[in-house]
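Data block for run_38.cif (mmCIF, C-alpha atoms):
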data_model
loop_
_atom_site.label_atom_id
_atom_site.label_comp_id
_atom_site.auth_asym_id
_atom_site.auth_seq_id
_atom_site.Cartn_x
_atom_site.Cartn_y
_atom_site.Cartn_z
CA MET A 1 0.00 0.00 0.00
CA ASP A 2 1.51 3.36 -1.04
CA THR A 3 1.45 6.50 1.08
CA LYS A 4 -1.57 8.11 -0.61
CA GLU A 5 -3.61 4.94 -0.18
CA ARG A 6 -2.58 4.75 3.49
CA ILE A 7 -3.80 8.31 3.98
CA VAL A 8 -7.11 7.58 2.28
CA GLU A 9 -7.65 4.41 4.29
CA ALA A 10 -6.85 6.30 7.50
CA ALA A 11 -9.31 9.06 6.54
CA ALA A 12 -12.06 6.49 5.97
CA GLU A 13 -11.40 4.85 9.32
CA THR A 14 -11.38 8.24 11.04
CA LEU A 15 -14.77 9.10 9.52
CA LYS A 16 -16.13 5.82 10.87
CA THR A 17 -14.85 6.37 14.39
CA GLU A 18 -14.70 10.16 14.82
CA GLY A 19 -17.28 11.44 12.34
CA ILE A 20 -16.91 14.40 10.00
CA THR A 21 -16.36 16.86 12.86
CA GLY A 22 -13.48 14.79 14.20
CA ALA A 23 -11.80 14.13 10.85
CA SER A 24 -8.97 16.60 11.29
CA ALA A 25 -5.50 16.22 9.80
CA ARG A 26 -4.19 15.35 13.24
CA ALA A 27 -6.85 12.68 13.81
CA ILE A 28 -6.31 11.11 10.38
CA ALA A 29 -2.55 11.05 10.91
CA ARG A 30 -2.99 9.50 14.33
CA THR A 31 -5.27 6.80 12.90
CA GLY A 32 -2.78 5.96 10.15
CA ASP A 33 0.31 6.43 12.30
CA PHE A 34 2.05 8.91 9.99
CA ASN A 35 3.05 12.58 10.07
CA GLN A 36 0.11 14.87 9.29
CA ALA A 37 2.34 16.89 6.96
CA LEU A 38 2.01 14.02 4.49
CA ILE A 39 -1.69 14.84 4.10
CA PHE A 40 -0.95 18.33 2.85
CA TYR A 41 2.01 17.17 0.75
CA HIS A 42 -0.04 14.58 -1.15
CA PHE A 43 -3.52 16.17 -1.13
CA GLY A 44 -3.17 19.82 -0.21
CA SER A 45 -6.07 19.85 2.26
CA VAL A 46 -8.20 17.65 4.48
CA GLU A 47 -11.20 18.22 2.20
CA GLU A 48 -9.28 16.74 -0.74
CA VAL A 49 -8.43 13.69 1.35
CA LEU A 50 -12.10 13.23 2.24
CA MET A 51 -13.16 13.48 -1.42
CA ALA A 52 -10.45 10.97 -2.33
CA THR A 53 -11.90 8.69 0.34
CA ILE A 54 -15.37 8.61 -1.22
CA SER A 55 -13.83 8.11 -4.69
CA HIS A 56 -11.71 5.22 -3.45
CA THR A 57 -14.61 3.59 -1.61
CA SER A 58 -16.98 4.08 -4.55
CA ARG A 59 -14.62 2.47 -7.08
CA ARG A 60 -14.31 -0.67 -4.97
CA ARG A 61 -18.04 -0.88 -4.33
CA ILE A 62 -19.01 -0.26 -7.95
CA GLU A 63 -16.75 -3.09 -9.10
CA ARG A 64 -18.41 -5.38 -6.57
CA TYR A 65 -21.89 -4.27 -7.57
CA ARG A 66 -21.27 -4.73 -11.30
CA GLU A 67 -19.90 -8.21 -10.71
CA ARG A 68 -22.87 -9.26 -8.58
CA ILE A 69 -25.61 -7.91 -10.86
CA GLN A 70 -24.14 -9.39 -14.02
CA GLY A 71 -26.68 -11.72 -15.56
CA VAL A 72 -29.62 -10.50 -13.46
CA THR A 73 -32.81 -10.56 -15.52
CA THR A 74 -35.66 -9.97 -13.03
CA LEU A 75 -36.59 -7.27 -10.55
CA PRO A 76 -36.83 -9.67 -7.58
CA GLU A 77 -33.26 -10.82 -8.27
CA LEU A 78 -32.11 -7.20 -8.44
CA VAL A 79 -33.76 -6.30 -5.12
CA ALA A 80 -32.33 -9.41 -3.43
CA ILE A 81 -28.81 -8.51 -4.54
CA GLY A 82 -29.36 -4.91 -3.46
CA ASP A 83 -30.37 -6.17 -0.02
CA GLN A 84 -27.23 -8.31 0.28
CA LEU A 85 -24.92 -5.51 -0.84
CA HIS A 86 -26.61 -3.03 1.48
CA ARG A 87 -25.98 -5.33 4.44
CA GLU A 88 -22.34 -5.77 3.43
CA ASP A 89 -21.85 -2.01 3.15
CA LEU A 90 -23.41 -1.55 6.57
CA ALA A 91 -21.15 -4.18 8.13
CA GLU A 92 -18.02 -2.67 6.54
CA GLY A 93 -18.85 0.84 7.69
CA ASN A 94 -19.19 2.21 4.16
CA LEU A 95 -22.53 3.76 5.02
CA THR A 96 -20.97 5.67 7.89
CA VAL A 97 -18.37 7.18 5.55
CA LEU A 98 -21.11 8.18 3.11
CA THR A 99 -23.41 9.77 5.67
CA GLN A 100 -20.58 11.65 7.37
CA LEU A 101 -19.40 13.11 4.06
CA MET A 102 -22.96 14.13 3.20
CA ALA A 103 -23.17 15.89 6.55
CA GLY A 104 -19.93 17.71 5.75
CA ALA A 105 -21.24 18.76 2.35
CA ALA A 106 -24.43 20.27 3.81
CA GLY A 107 -22.89 23.73 4.13
CA ASN A 108 -20.24 23.39 1.45
CA GLU A 109 -21.56 23.99 -2.07
CA GLU A 110 -18.38 22.89 -3.86
CA MET A 111 -18.05 19.73 -1.81
CA GLY A 112 -21.74 19.01 -2.37
CA LYS A 113 -21.33 19.30 -6.15
CA ARG A 114 -18.34 16.99 -6.14
CA LEU A 115 -20.18 14.50 -3.97
CA ARG A 116 -23.12 14.53 -6.39
CA ASP A 117 -20.69 13.81 -9.22
CA GLU A 118 -19.47 10.78 -7.29
CA PHE A 119 -23.03 9.42 -7.26
CA GLN A 120 -23.38 9.43 -11.06
CA PRO A 121 -21.49 6.15 -11.61
CA TRP A 122 -23.91 4.51 -9.16
CA ILE A 123 -26.87 5.77 -11.16
CA ASP A 124 -25.22 4.39 -14.31
CA VAL A 125 -24.87 0.97 -12.68
CA VAL A 126 -28.54 0.97 -11.68
CA ASN A 127 -29.54 2.12 -15.16
CA ASP A 128 -27.63 -0.77 -16.74
CA SER A 129 -29.47 -3.16 -14.42
CA VAL A 130 -32.88 -1.70 -15.21
CA VAL A 131 -32.18 -1.89 -18.95
CA ALA A 132 -31.16 -5.55 -18.59
CA VAL A 133 -34.30 -6.39 -16.62
CA LEU A 134 -36.69 -4.62 -19.02
CA GLN A 135 -35.02 -5.30 -22.36
CA ASP A 136 -37.20 -8.28 -23.30
CA SER A 137 -40.40 -6.92 -21.78
CA PRO A 138 -43.21 -4.84 -23.34
CA LEU A 139 -42.02 -1.95 -21.15
CA ALA A 140 -38.71 -1.68 -23.01
CA GLY A 141 -38.54 1.72 -24.67
CA SER A 142 -41.79 2.94 -23.12
CA ILE A 143 -40.25 4.42 -19.96
CA SER A 144 -37.12 6.42 -19.25
CA THR A 145 -34.68 4.03 -17.63
CA GLU A 146 -32.47 6.99 -16.67
CA ASP A 147 -35.29 8.58 -14.67
CA LEU A 148 -36.16 5.25 -13.09
CA ALA A 149 -32.51 4.62 -12.20
CA TYR A 150 -32.30 8.05 -10.57
CA ALA A 151 -35.44 7.35 -8.54
CA ILE A 152 -34.16 3.93 -7.42
CA SER A 153 -30.75 5.35 -6.52
CA SER A 154 -32.37 8.12 -4.48
CA MET A 155 -34.51 5.57 -2.67
CA PHE A 156 -31.53 3.39 -1.77
CA LEU A 157 -29.57 6.44 -0.65
CA GLY A 158 -32.47 7.35 1.61
CA ALA A 159 -32.50 3.79 2.96
CA GLU A 160 -28.80 4.03 3.76
CA LEU A 161 -29.32 7.28 5.64
CA LEU A 162 -32.26 5.85 7.59
CA THR A 163 -30.13 2.87 8.54
CA HIS A 164 -28.31 5.06 11.03
CA LEU A 165 -31.57 6.03 12.69
CA ASP A 166 -33.13 2.58 12.82
CA PRO A 167 -31.06 -0.26 11.30
CA SER A 168 -33.74 -2.94 11.77
CA GLN A 169 -36.42 -0.82 10.12
CA ALA A 170 -34.25 0.11 7.15
CA ASN A 171 -32.94 -3.41 6.60
CA GLU A 172 -36.00 -5.53 7.25
CA THR A 173 -39.15 -3.52 6.58
CA LEU A 174 -37.91 -1.59 3.57
CA PHE A 175 -36.39 -4.50 1.70
CA ASP A 176 -39.31 -6.78 2.50
CA SER A 177 -41.61 -4.17 0.96
CA LEU A 178 -39.32 -3.77 -2.03
CA LYS A 179 -39.30 -7.52 -2.61
CA GLN A 180 -43.09 -7.62 -2.57
CA PHE A 181 -43.27 -4.68 -4.96
CA ALA A 182 -40.68 -6.26 -7.27
CA ASP A 183 -42.65 -9.52 -7.36
CA MET A 184 -45.82 -7.61 -8.25
CA VAL A 185 -44.16 -5.62 -11.04
CA GLN A 186 -42.45 -8.74 -12.39
CA ASN A 187 -45.82 -10.51 -12.55
CA LEU A 188 -47.29 -7.55 -14.45
CA ILE A 189 -44.39 -7.66 -16.89
CA GLY A 190 -45.05 -11.35 -17.40
CA MET A 191 -48.75 -10.77 -18.02
CA SER A 192 -48.00 -7.97 -20.48
CA ALA A 193 -45.66 -10.26 -22.38
CA LEU A 194 -48.30 -13.00 -22.44
CA PHE A 195 -51.30 -10.93 -23.51
CA GLY A 196 -49.59 -8.07 -25.29
CA ASP A 197 -50.04 -4.34 -24.89
CA PRO A 198 -53.78 -3.54 -24.91
CA HIS A 199 -53.02 -0.04 -26.26
CA SER A 200 -51.13 -1.28 -29.32
#
Could you render the structure as structure tokens?
Amino acid sequence: MDTKERIVEAAAETLKTEGITGASARAIARTGDFNQALIFYHFGSVEEVLMATISHTSRRRIERYRERIQGVTTLPELVAIGDQLHREDLAEGNLTVLTQLMAGAAGNEEMGKRLRDEFQPWIDVVNDSVVAVLQDSPLAGSISTEDLAYAISSMFLGAELLTHLDPSQANETLFDSLKQFADMVQNLIGMSALFGDPHS
């Protein structure tokens, strides 16, 4: 692991344990056991380290997500995988990093814009999944998959934020409801394929 990666990993761990208000250069350096001057040498500021942290975490998670959703062809499968990945992110502390950075961006317009840019690859992953699920259905081409992907991404982001308020509610109730909804929509897709579009 090179020095920059050590700094980023230390920043992520500091966000998990100290929160955004405690993620100072001194705290990050203490977590990683290195001189805090290295932070400014390699990144210039603490804010740049924090943005590098979300970029680093996102790249690893996106690779994992793309691998897991490859070959998924139904909505229930997609929701089930989303549930599994959500639980893994929670266990690894990734959700804590995300929520703390969002809190830090609340009063920082530039940081907020950069954080929004970091979310776009996630929306692209969801869009690819939605396209794969709908491509052989009568709904293909009749709805905007980009809009649907944005809505789904926003919903999952909300679920991740709610996890910190009530983990059992966010994990159990929400995903149980999503699974039921996915089953219902999948059945409707199947019926449309069987009987055709009544408006055609």
Written as a PDB file with C-alpha atoms, in the frame of the given file, what is the full residue list that the PyMOL selection byres ((chain A and resi 4) around 9) yields on the file shown?
ATOM      1  CA  MET A   1       0.000   0.000   0.000  1.00  0.00           C
ATOM      2  CA  ASP A   2       1.510   3.360  -1.040  1.00  0.00           C
ATOM      3  CA  THR A   3       1.450   6.500   1.080  1.00  0.00           C
ATOM      4  CA  GLU A   5      -3.610   4.940  -0.180  1.00  0.00           C
ATOM      5  CA  ARG A   6      -2.580   4.750   3.490  1.00  0.00           C
ATOM      6  CA  ILE A   7      -3.800   8.310   3.980  1.00  0.00           C
ATOM      7  CA  VAL A   8      -7.110   7.580   2.280  1.00  0.00           C
ATOM      8  CA  GLU A   9      -7.650   4.410   4.290  1.00  0.00           C
ATOM      9  CA  LEU A  38       2.010  14.020   4.490  1.00  0.00           C
ATOM     10  CA  ILE A  39      -1.690  14.840   4.100  1.00  0.00           C
ATOM     11  CA  HIS A  42      -0.040  14.580  -1.150  1.00  0.00           C
ATOM     12  CA  PHE A  43      -3.520  16.170  -1.130  1.00  0.00           C
TER      13      PHE A  43
END
* Asked: What gap, in Å, lies between atom CA of Leu75 of chain A and atom CA of Ala182 of chain A?
  -> 5.3 Å
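The two atoms in question, atom CA of Asp128 of chain A and atom CA of Phe181 of chain A, are spaced 20.0 Å apart.
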* Asked: Got a sec: who's within 10 Å of Ile123 of chain A, counting only C-alpha atoms, leaving out chain neighbours fewer than 3 positions off, as a PyMOL selection string?
  -> chain A and resi 118-120+126-129+146-154
* On this structure, which residues satisfy the PyMOL selection byres ((chain A and resi 16) around 12), written as a PyMOL selection string? -> chain A and resi 9-15+17-23+27-28+31+53+90-101
* atom CA of Ala106 of chain A to atom CA of Arg26 of chain A, straight-line distance in Å -> 22.9 Å
* **Nearby residues (all atoms listed in the file) at most 7 Å from segment 59-66 of chain A, same-chain spacing under 4 positions excluded, as a ChimeraX atom specification** => /A:55,70,122,125
